[in-house]
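Visitor: This is the content of target_3.cif (mmCIF, C-alpha atoms and all ligand atoms):
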```cif
data_structure
#
loop_
_atom_site.group_PDB
_atom_site.id
_atom_site.type_symbol
_atom_site.label_atom_id
_atom_site.label_comp_id
_atom_site.auth_asym_id
_atom_site.auth_seq_id
_atom_site.Cartn_x
_atom_site.Cartn_y
_atom_site.Cartn_z
ATOM 1 C CA MET A 237 172.586 -46.633 122.739
ATOM 2 C CA ARG A 238 172.550 -49.077 119.859
ATOM 3 C CA ASN A 239 174.375 -51.881 121.617
ATOM 4 C CA LYS A 240 172.262 -53.837 124.020
ATOM 5 C CA SER A 241 174.901 -56.319 125.098
ATOM 6 C CA VAL A 242 177.507 -54.949 127.470
ATOM 7 C CA VAL A 243 180.024 -57.553 126.291
ATOM 8 C CA THR A 244 179.497 -56.612 122.655
ATOM 9 C CA GLU A 245 179.865 -52.958 123.507
ATOM 10 C CA ALA A 246 183.070 -53.636 125.449
ATOM 11 C CA LYS A 247 184.480 -55.441 122.395
ATOM 12 C CA GLN A 248 183.556 -52.535 120.174
ATOM 13 C CA ILE A 249 185.236 -50.069 122.516
ATOM 14 C CA ASN A 250 188.373 -52.214 122.670
ATOM 15 C CA LEU A 251 188.462 -52.382 118.887
ATOM 16 C CA ALA A 252 187.995 -48.606 118.588
ATOM 17 C CA VAL A 253 190.775 -47.944 121.130
ATOM 18 C CA GLU A 254 193.127 -50.303 119.302
ATOM 19 C CA LEU A 255 192.377 -48.602 115.986
ATOM 20 C CA VAL A 256 192.876 -45.109 117.440
ATOM 21 C CA LYS A 257 196.215 -46.158 118.927
ATOM 22 C CA LEU A 258 197.317 -47.434 115.518
ATOM 23 C CA GLY A 259 196.426 -44.062 114.015
ATOM 24 C CA ALA A 260 193.012 -44.705 112.452
ATOM 25 C CA ARG A 261 190.919 -41.754 111.352
ATOM 26 C CA LEU A 262 187.401 -41.278 112.690
ATOM 27 C CA GLN A 263 185.832 -42.540 109.462
ATOM 28 C CA VAL A 264 187.519 -45.916 109.946
ATOM 29 C CA LEU A 265 186.093 -46.190 113.455
ATOM 30 C CA GLU A 266 182.628 -45.254 112.250
ATOM 31 C CA SER A 267 182.798 -47.870 109.553
ATOM 32 C CA GLU A 268 184.154 -50.696 111.716
ATOM 33 C CA THR A 269 182.153 -50.263 114.927
ATOM 34 C CA ASN A 270 178.531 -49.635 115.856
ATOM 35 C CA LEU A 271 179.448 -46.954 118.365
ATOM 36 C CA SER A 272 177.879 -43.536 117.898
ATOM 37 C CA ARG A 273 179.909 -40.666 116.472
ATOM 38 C CA GLU A 274 179.688 -38.834 119.786
ATOM 39 C CA ARG A 275 181.135 -41.761 121.706
ATOM 40 C CA LEU A 276 183.860 -42.283 119.145
ATOM 41 C CA LEU A 277 184.799 -38.604 119.315
ATOM 42 C CA LYS A 278 185.002 -38.815 123.081
ATOM 43 C CA LEU A 279 187.010 -42.020 122.913
ATOM 44 C CA TYR A 280 189.383 -40.568 120.335
ATOM 45 C CA LYS A 281 190.077 -37.504 122.480
ATOM 46 C CA GLU A 282 190.585 -39.642 125.543
ATOM 47 C CA VAL A 283 193.090 -41.954 123.839
ATOM 48 C CA LYS A 284 194.949 -39.384 121.724
ATOM 49 C CA GLY A 285 194.532 -36.294 123.862
ATOM 50 C CA VAL A 286 193.485 -34.298 120.787
ATOM 51 C CA SER A 287 190.463 -34.054 118.506
ATOM 52 C CA PRO A 288 190.510 -36.214 115.365
ATOM 53 C CA PRO A 289 191.621 -34.489 112.156
ATOM 54 C CA LYS A 290 188.753 -33.170 110.085
ATOM 55 C CA GLY A 291 188.134 -33.722 106.409
ATOM 56 C CA MET A 292 187.447 -36.570 104.049
ATOM 57 C CA LEU A 293 189.573 -39.644 103.574
ATOM 58 C CA PRO A 294 191.507 -39.768 100.303
ATOM 59 C CA PHE A 295 189.309 -41.513 97.768
ATOM 60 C CA SER A 296 191.859 -42.034 95.049
ATOM 61 C CA THR A 297 193.905 -45.120 94.241
ATOM 62 C CA ASP A 298 196.738 -42.971 92.849
ATOM 63 C CA TRP A 299 198.766 -42.816 96.057
ATOM 64 C CA PHE A 300 199.174 -46.609 96.108
ATOM 65 C CA LEU A 301 200.641 -46.540 92.608
ATOM 66 C CA SER A 302 203.360 -43.984 93.269
ATOM 67 C CA TRP A 303 206.810 -45.421 93.721
ATOM 68 C CA GLN A 304 207.609 -45.725 97.436
ATOM 69 C CA PRO A 305 203.999 -46.083 98.655
ATOM 70 C CA ASN A 306 203.568 -48.868 96.088
ATOM 71 C CA ILE A 307 206.422 -50.888 97.597
ATOM 72 C CA HIS A 308 205.156 -50.448 101.158
ATOM 73 C CA SER A 309 201.537 -51.087 100.178
ATOM 74 C CA SER A 310 202.467 -54.206 98.227
ATOM 75 C CA LEU A 311 204.270 -55.545 101.283
ATOM 76 C CA PHE A 312 201.231 -54.855 103.461
ATOM 77 C CA ILE A 313 198.700 -56.458 101.110
ATOM 78 C CA ASP A 314 200.929 -59.518 100.837
ATOM 79 C CA ILE A 315 200.932 -59.928 104.632
ATOM 80 C CA TYR A 316 197.167 -59.281 104.746
ATOM 81 C CA ARG A 317 196.452 -61.988 102.185
ATOM 82 C CA TYR A 318 198.848 -64.412 103.835
ATOM 83 C CA LEU A 319 196.978 -64.037 107.110
ATOM 84 C CA GLY A 320 193.646 -64.583 105.389
ATOM 85 C CA LYS A 321 194.869 -67.681 103.612
ATOM 86 C CA ASN A 322 196.972 -69.300 106.342
ATOM 87 C CA ALA A 323 195.723 -67.993 109.663
ATOM 88 C CA GLY A 324 192.009 -67.680 108.929
ATOM 89 C CA VAL A 325 191.999 -64.027 109.999
ATOM 90 C CA HIS A 326 189.674 -61.737 108.087
ATOM 91 C CA GLY A 327 188.103 -58.295 108.068
ATOM 92 C CA ILE A 328 189.305 -55.587 110.405
ATOM 93 C CA ASP A 329 191.204 -58.149 112.542
ATOM 94 C CA ALA A 330 193.304 -59.037 109.530
ATOM 95 C CA VAL A 331 193.912 -55.354 108.769
ATOM 96 C CA ILE A 332 195.107 -54.753 112.350
ATOM 97 C CA LYS A 333 197.314 -57.856 112.504
ATOM 98 C CA ALA A 334 198.807 -57.276 109.058
ATOM 99 C CA TYR A 335 199.436 -53.638 109.909
ATOM 100 C CA ARG A 336 201.222 -54.582 113.132
ATOM 101 C CA LEU A 337 203.446 -56.983 111.198
ATOM 102 C CA TYR A 338 204.127 -54.318 108.580
ATOM 103 C CA VAL A 339 205.126 -51.789 111.283
ATOM 104 C CA GLU A 340 207.300 -54.419 112.954
ATOM 105 C CA HIS A 341 209.142 -55.053 109.704
ATOM 106 C CA ILE A 342 209.602 -51.297 109.170
ATOM 107 C CA GLU A 343 210.949 -50.786 112.689
ATOM 108 C CA VAL A 344 213.306 -53.772 112.599
ATOM 109 C CA ASN A 345 214.830 -52.390 109.407
ATOM 110 C CA GLY A 346 214.947 -48.803 110.677
ATOM 111 C CA LEU A 347 212.733 -47.538 107.866
ATOM 112 C CA GLU A 348 210.214 -44.753 107.629
ATOM 113 C CA CYS A 349 206.606 -45.876 108.090
ATOM 114 C CA VAL A 350 205.074 -44.768 104.804
ATOM 115 C CA LEU A 351 201.732 -46.558 105.032
ATOM 116 C CA SER A 352 199.289 -45.345 107.691
ATOM 117 C CA LEU A 353 196.630 -47.594 109.197
ATOM 118 C CA THR A 354 193.929 -45.551 107.481
ATOM 119 C CA ARG A 355 195.682 -45.965 104.124
ATOM 120 C CA ALA A 356 196.081 -49.695 104.746
ATOM 121 C CA TRP A 357 192.363 -49.938 105.525
ATOM 122 C CA SER A 358 191.496 -47.994 102.345
ATOM 123 C CA LEU A 359 193.808 -50.243 100.366
ATOM 124 C CA VAL A 360 191.908 -53.357 101.454
ATOM 125 C CA ARG A 361 188.672 -51.691 100.364
ATOM 126 C CA PHE A 362 190.134 -50.864 96.953
ATOM 127 C CA PHE A 363 191.110 -54.526 96.617
ATOM 128 C CA GLU A 364 187.648 -55.681 97.609
ATOM 129 C CA ALA A 365 186.194 -53.323 95.009
ATOM 130 C CA LYS A 366 188.671 -54.843 92.485
ATOM 131 C CA MET A 367 189.995 -51.385 91.611
ATOM 132 C CA LEU A 368 193.493 -52.478 92.547
ATOM 133 C CA ILE A 369 195.069 -55.894 92.018
ATOM 134 C CA THR A 370 198.562 -57.346 92.280
ATOM 135 C CA VAL A 371 200.589 -58.728 89.401
ATOM 136 C CA PRO A 372 203.950 -60.497 89.448
ATOM 137 C CA CYS A 373 207.020 -58.580 88.353
ATOM 138 C CA CYS A 374 208.490 -60.387 85.346
ATOM 139 C CA GLU A 375 212.020 -59.809 86.664
ATOM 140 C CA CYS A 376 211.908 -60.559 90.400
ATOM 141 C CA GLY A 377 208.620 -62.469 90.660
ATOM 142 C CA GLY A 378 207.392 -60.364 93.585
ATOM 143 C CA HIS A 379 203.745 -59.299 93.537
ATOM 144 C CA PHE A 380 203.018 -55.579 93.293
ATOM 145 C CA ILE A 381 199.931 -53.407 93.311
ATOM 146 C CA VAL A 382 198.662 -52.087 89.997
ATOM 147 C CA ASN A 383 195.511 -50.422 88.746
ATOM 148 C CA ALA A 384 193.145 -53.169 87.587
ATOM 149 C CA MET A 385 192.320 -51.177 84.440
ATOM 150 C CA ASP A 386 195.920 -50.768 83.289
ATOM 151 C CA LEU A 387 197.832 -53.129 81.028
ATOM 152 C CA HIS A 388 200.260 -55.343 82.921
ATOM 153 C CA LYS A 389 201.978 -57.434 80.289
ATOM 154 C CA ASN A 390 205.700 -57.725 81.094
ATOM 155 C CA TYR A 391 205.193 -55.714 84.258
ATOM 156 C CA VAL A 392 208.425 -54.637 85.954
ATOM 157 C CA CYS A 393 208.218 -53.450 89.565
ATOM 158 C CA GLY A 394 209.526 -50.218 91.033
ATOM 159 C CA MET A 395 212.421 -52.004 92.715
ATOM 160 C CA CYS A 396 213.761 -53.756 89.628
ATOM 161 C CA HIS A 397 213.585 -50.467 87.752
ATOM 162 C CA ILE A 398 213.822 -47.603 90.172
ATOM 163 C CA PRO A 399 212.563 -44.415 88.499
ATOM 164 C CA SER A 400 215.292 -41.770 88.216
ATOM 165 C CA ARG A 401 213.407 -39.304 90.394
ATOM 166 C CA ALA A 402 212.126 -41.931 92.803
ATOM 167 C CA GLY A 403 211.894 -40.877 96.389
ATOM 168 C CA LYS A 404 213.832 -37.667 95.551
ATOM 169 C CA THR A 405 216.418 -38.436 98.249
ATOM 170 C CA ARG A 406 219.122 -41.061 98.426
ATOM 171 C CA LYS A 407 217.881 -41.955 101.894
ATOM 172 C CA ALA A 408 214.427 -42.817 100.578
ATOM 173 C CA ALA A 409 215.925 -44.960 97.829
ATOM 174 C CA ALA A 410 218.090 -46.805 100.348
ATOM 175 C CA GLN A 411 215.077 -47.371 102.539
ATOM 176 C CA ALA A 412 213.103 -48.857 99.707
ATOM 177 C CA ALA A 413 216.001 -51.106 98.824
ATOM 178 C CA ALA A 414 216.085 -52.360 102.410
ATOM 179 C CA LEU A 415 212.506 -53.540 101.943
ATOM 180 C CA ALA A 416 213.546 -55.726 99.054
ATOM 181 C CA PRO A 417 214.397 -58.993 100.848
ATOM 182 C CA ALA A 418 210.919 -59.198 102.314
ATOM 183 C CA ALA A 419 209.002 -58.325 99.207
ATOM 184 C CA MET A 420 210.905 -60.217 96.598
ATOM 185 C CA PRO A 421 212.858 -63.444 96.378
ATOM 186 C CA ARG A 422 216.004 -62.027 94.761
ATOM 187 C CA GLN A 423 217.449 -58.624 94.128
ATOM 188 C CA LYS A 424 218.444 -57.165 90.835
ATOM 189 C CA VAL A 425 220.971 -54.526 89.958
ATOM 190 C CA VAL A 426 219.362 -51.280 88.888
ATOM 191 C CA ASN A 427 219.943 -50.241 85.324
ATOM 192 C CA PRO A 428 222.721 -47.641 85.638
ATOM 193 C CA SER A 429 221.552 -45.657 82.643
ATOM 194 C CA GLY A 430 218.264 -44.978 84.329
ATOM 195 C CA THR A 431 216.702 -44.490 80.920
ATOM 196 C CA VAL A 432 214.265 -47.338 81.221
ATOM 197 C CA ALA A 433 213.010 -46.105 84.553
ATOM 198 C CA HIS A 434 209.634 -47.593 85.081
ATOM 199 C CA SER A 435 206.849 -45.095 84.891
ATOM 200 C CA ARG A 436 203.279 -45.886 85.555
ATOM 201 C CA SER A 437 200.417 -44.174 83.885
ATOM 202 C CA VAL A 438 198.473 -43.268 86.917
ATOM 203 C CA ARG A 439 194.845 -43.020 86.251
ATOM 204 C CA SER A 440 192.490 -41.095 88.427
ATOM 205 C CA ARG A 441 189.655 -43.289 89.434
ATOM 206 C CA GLN A 442 187.266 -42.252 92.078
ATOM 207 C CA THR A 443 185.161 -44.417 94.280
ATOM 208 C CA ALA A 444 181.462 -44.003 93.962
HETATM 209 ZN ZN ZN A 501 210.650 -56.701 90.411
#
```
As structure tokens - that is how I would like this structure written.
Ligand SMILES: [Zn+2]
Guide:
Amino acid sequence: MRNKSVVTEAKQINLAVELVKLGARLQVLESETNLSRERLLKLYKEVKGVSPPKGMLPFSTDWFLSWQPNIHSSLFIDIYRYLGKNAGVHGIDAVIKAYRLYVEHIEVNGLECVLSLTRAWSLVRFFEAKMLITVPCCECGGHFIVNAMDLHKNYVCGMCHIPSRAGKTRKAAAQAAALAPAAMPRQKVVNPSGTVAHSRSVRSRQTA
């Protein structure tokens, strides 16, 4: 056993349990605690009643740049930064607290939870690696996630110009619109022609 202090170990177990309950994948637990893989596996099964899903975590930033995930992710990163700046919460604690606030906002508005805890955790890592950044939308002033390597002059967000095929369903579009008051100071009417639908050139960048 790597942890000599019982108190430290108890804290680690509590953290792991909290993360599992929020839907974290095993890789997140391994990265954020010092507990052995065997113990984490056991813990995961005990909390969830099933074995953790196998396979790698998604290593691409692309998902965060697609339309609906971008809106949800931008909301999350905004909360995360706010907590860091104003509440002095950092690291995994900030991820957990920001994620809880994000979920609360989603539930209050009866929306679909698009961003998983594991995605939120990955997002913070992409920000730390400076692969993703936020830029203000030149129409609504809200801050949205973009690829750091892309050009962002006169950036217009996915809510000011909803792409014509965005979300595929009317329900998804309505859900995204319901997010608007939290993510941006004022709303704008969508261009009815739909011809200037904002499209992002999504670039595949892989983490090392
Ligand atoms: Zn905008």
Visitor: At most 6 Å is the cut-off: for each residue in chain A with any atom that close to an atom of ligand ZN 501 (chain A), write down the nearest atom pair and the distance in Å rounded to one decimal, counting all atoms listed in the file, chain first then increasing number, as JSON lines.
Guide:
```
{"residue": "A:Cys373", "atom": "CA", "partner": "A:ZN501", "partner_atom": "ZN", "distance": 4.6}
{"residue": "A:Glu375", "atom": "CA", "partner": "A:ZN501", "partner_atom": "ZN", "distance": 5.1}
{"residue": "A:Cys376", "atom": "CA", "partner": "A:ZN501", "partner_atom": "ZN", "distance": 4.1}
{"residue": "A:Gly378", "atom": "CA", "partner": "A:ZN501", "partner_atom": "ZN", "distance": 5.8}
{"residue": "A:Val392", "atom": "CA", "partner": "A:ZN501", "partner_atom": "ZN", "distance": 5.4}
{"residue": "A:Cys393", "atom": "CA", "partner": "A:ZN501", "partner_atom": "ZN", "distance": 4.1}
{"residue": "A:Met395", "atom": "CA", "partner": "A:ZN501", "partner_atom": "ZN", "distance": 5.5}
{"residue": "A:Cys396", "atom": "CA", "partner": "A:ZN501", "partner_atom": "ZN", "distance": 4.4}
```
Visitor: At what distance in Å, to one decimal, does CA of Ala330 (chain A) lie from CA of Gln263 (chain A)?
Guide: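 Taking CA of Gln263 (chain A) as the start and CA of Ala330 (chain A) as the end point, the length is 18.1 Å.
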Visitor: Suppose a student applies the PyMOL selection byres (((chain A and resi 331) around 12) and not hetatm) to this structure; what residues should they get, written as number ranges by chain?
Guide: A: 251, 254-255, 258, 260, 264, 268, 312-320, 325-330, 332-338, 352-361
Visitor: Return the single residue from A:Asp386, A:Trp303, A:Pro294, A:Leu311 that is closest to Ser400 (chain A), with distances computed using all atoms listed in the file.
Guide: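 Residue with the minimum atom-to-atom distance to Ser400 (chain A): A:Trp303.
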Visitor: In Å, rounded to a single decimal, give me how far CA of Lys290 (chain A) is from CA of Ala246 (chain A).
Guide: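 CA of Lys290 (chain A) lies 26.2 Å from CA of Ala246 (chain A).
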Visitor: Within 12 Å of Leu271 (chain A), counting only C-alpha atoms, which residues show up once you throw out same-chain ones fewer than 4 positions away? Write them as a ChimeraX atom specification, please.
Guide: /A:237-240,244-253,262-267,275-280
Visitor: Check the smallest atom-to-atom distance from each of A:Thr269, A:Thr370, A:Ser241, A:Asn306 to Tyr391 (chain A) using all atoms listed in the file, then report the winner.
Guide: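 For Tyr391 (chain A), the nearest of the given residues is A:Thr370.
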Visitor: Could you pull region 347-371 of chain A out of the structure just shown and give N, CA and C atoms as a PDB file, in the first residue's frame?
Guide:
```pdb
ATOM      1  N   LEU A 347     -32.589  20.331 -19.277  1.00  0.00           N
ATOM      2  CA  LEU A 347     -31.815  20.042 -20.492  1.00  0.00           C
ATOM      3  C   LEU A 347     -31.146  18.672 -20.411  1.00  0.00           C
ATOM      4  N   GLU A 348     -30.594  18.280 -21.545  1.00  0.00           N
ATOM      5  CA  GLU A 348     -29.849  17.032 -21.603  1.00  0.00           C
ATOM      6  C   GLU A 348     -28.414  17.304 -21.174  1.00  0.00           C
ATOM      7  N   CYS A 349     -27.870  16.456 -20.317  1.00  0.00           N
ATOM      8  CA  CYS A 349     -26.494  16.633 -19.848  1.00  0.00           C
ATOM      9  C   CYS A 349     -25.540  16.134 -20.932  1.00  0.00           C
ATOM     10  N   VAL A 350     -24.960  17.063 -21.662  1.00  0.00           N
ATOM     11  CA  VAL A 350     -24.116  16.709 -22.800  1.00  0.00           C
ATOM     12  C   VAL A 350     -22.679  16.410 -22.366  1.00  0.00           C
ATOM     13  N   LEU A 351     -22.217  17.164 -21.386  1.00  0.00           N
ATOM     14  CA  LEU A 351     -20.820  17.055 -20.944  1.00  0.00           C
ATOM     15  C   LEU A 351     -20.701  16.064 -19.780  1.00  0.00           C
ATOM     16  N   SER A 352     -19.897  15.028 -19.964  1.00  0.00           N
ATOM     17  CA  SER A 352     -19.677  14.077 -18.863  1.00  0.00           C
ATOM     18  C   SER A 352     -18.546  14.584 -17.979  1.00  0.00           C
ATOM     19  N   LEU A 353     -18.455  14.029 -16.779  1.00  0.00           N
ATOM     20  CA  LEU A 353     -17.382  14.444 -15.864  1.00  0.00           C
ATOM     21  C   LEU A 353     -16.016  14.172 -16.477  1.00  0.00           C
ATOM     22  N   THR A 354     -15.899  13.015 -17.139  1.00  0.00           N
ATOM     23  CA  THR A 354     -14.616  12.665 -17.762  1.00  0.00           C
ATOM     24  C   THR A 354     -14.261  13.657 -18.870  1.00  0.00           C
ATOM     25  N   ARG A 355     -15.244  14.066 -19.639  1.00  0.00           N
ATOM     26  CA  ARG A 355     -15.007  15.074 -20.687  1.00  0.00           C
ATOM     27  C   ARG A 355     -14.604  16.409 -20.058  1.00  0.00           C
ATOM     28  N   ALA A 356     -15.297  16.774 -18.985  1.00  0.00           N
ATOM     29  CA  ALA A 356     -14.997  18.036 -18.301  1.00  0.00           C
ATOM     30  C   ALA A 356     -13.559  18.017 -17.785  1.00  0.00           C
ATOM     31  N   TRP A 357     -13.152  16.895 -17.246  1.00  0.00           N
ATOM     32  CA  TRP A 357     -11.791  16.723 -16.724  1.00  0.00           C
ATOM     33  C   TRP A 357     -10.778  16.839 -17.861  1.00  0.00           C
ATOM     34  N   SER A 358     -11.078  16.181 -18.999  1.00  0.00           N
ATOM     35  CA  SER A 358     -10.198  16.262 -20.172  1.00  0.00           C
ATOM     36  C   SER A 358     -10.104  17.697 -20.673  1.00  0.00           C
ATOM     37  N   LEU A 359     -11.233  18.379 -20.646  1.00  0.00           N
ATOM     38  CA  LEU A 359     -11.291  19.758 -21.121  1.00  0.00           C
ATOM     39  C   LEU A 359     -10.313  20.653 -20.338  1.00  0.00           C
ATOM     40  N   VAL A 360     -10.322  20.486 -19.022  1.00  0.00           N
ATOM     41  CA  VAL A 360      -9.415  21.274 -18.176  1.00  0.00           C
ATOM     42  C   VAL A 360      -7.961  20.979 -18.544  1.00  0.00           C
ATOM     43  N   ARG A 361      -7.679  19.728 -18.847  1.00  0.00           N
ATOM     44  CA  ARG A 361      -6.312  19.360 -19.244  1.00  0.00           C
ATOM     45  C   ARG A 361      -5.933  19.988 -20.589  1.00  0.00           C
ATOM     46  N   PHE A 362      -6.878  20.031 -21.503  1.00  0.00           N
ATOM     47  CA  PHE A 362      -6.614  20.666 -22.802  1.00  0.00           C
ATOM     48  C   PHE A 362      -6.348  22.168 -22.618  1.00  0.00           C
ATOM     49  N   PHE A 363      -7.036  22.762 -21.649  1.00  0.00           N
ATOM     50  CA  PHE A 363      -6.816  24.184 -21.366  1.00  0.00           C
ATOM     51  C   PHE A 363      -5.446  24.395 -20.739  1.00  0.00           C
ATOM     52  N   GLU A 364      -5.082  23.513 -19.836  1.00  0.00           N
ATOM     53  CA  GLU A 364      -3.774  23.617 -19.190  1.00  0.00           C
ATOM     54  C   GLU A 364      -2.648  23.449 -20.211  1.00  0.00           C
ATOM     55  N   ALA A 365      -2.897  22.594 -21.204  1.00  0.00           N
ATOM     56  CA  ALA A 365      -1.905  22.364 -22.251  1.00  0.00           C
ATOM     57  C   ALA A 365      -1.955  23.463 -23.323  1.00  0.00           C
ATOM     58  N   LYS A 366      -2.888  24.426 -23.139  1.00  0.00           N
ATOM     59  CA  LYS A 366      -3.078  25.548 -24.067  1.00  0.00           C
ATOM     60  C   LYS A 366      -3.434  25.093 -25.492  1.00  0.00           C
ATOM     61  N   MET A 367      -4.090  23.932 -25.578  1.00  0.00           N
ATOM     62  CA  MET A 367      -4.551  23.467 -26.891  1.00  0.00           C
ATOM     63  C   MET A 367      -5.894  24.103 -27.202  1.00  0.00           C
ATOM     64  N   LEU A 368      -6.654  24.367 -26.166  1.00  0.00           N
ATOM     65  CA  LEU A 368      -7.934  25.054 -26.308  1.00  0.00           C
ATOM     66  C   LEU A 368      -7.888  26.346 -25.498  1.00  0.00           C
ATOM     67  N   ILE A 369      -8.559  27.363 -25.997  1.00  0.00           N
ATOM     68  CA  ILE A 369      -8.663  28.641 -25.291  1.00  0.00           C
ATOM     69  C   ILE A 369     -10.102  29.153 -25.464  1.00  0.00           C
ATOM     70  N   THR A 370     -10.447  30.231 -24.788  1.00  0.00           N
ATOM     71  CA  THR A 370     -11.752  30.831 -25.072  1.00  0.00           C
ATOM     72  C   THR A 370     -11.525  32.212 -25.686  1.00  0.00           C
ATOM     73  N   VAL A 371     -12.437  32.573 -26.571  1.00  0.00           N
ATOM     74  CA  VAL A 371     -12.408  33.920 -27.155  1.00  0.00           C
ATOM     75  C   VAL A 371     -13.817  34.501 -27.068  1.00  0.00           C
TER      76      VAL A 371
END
```
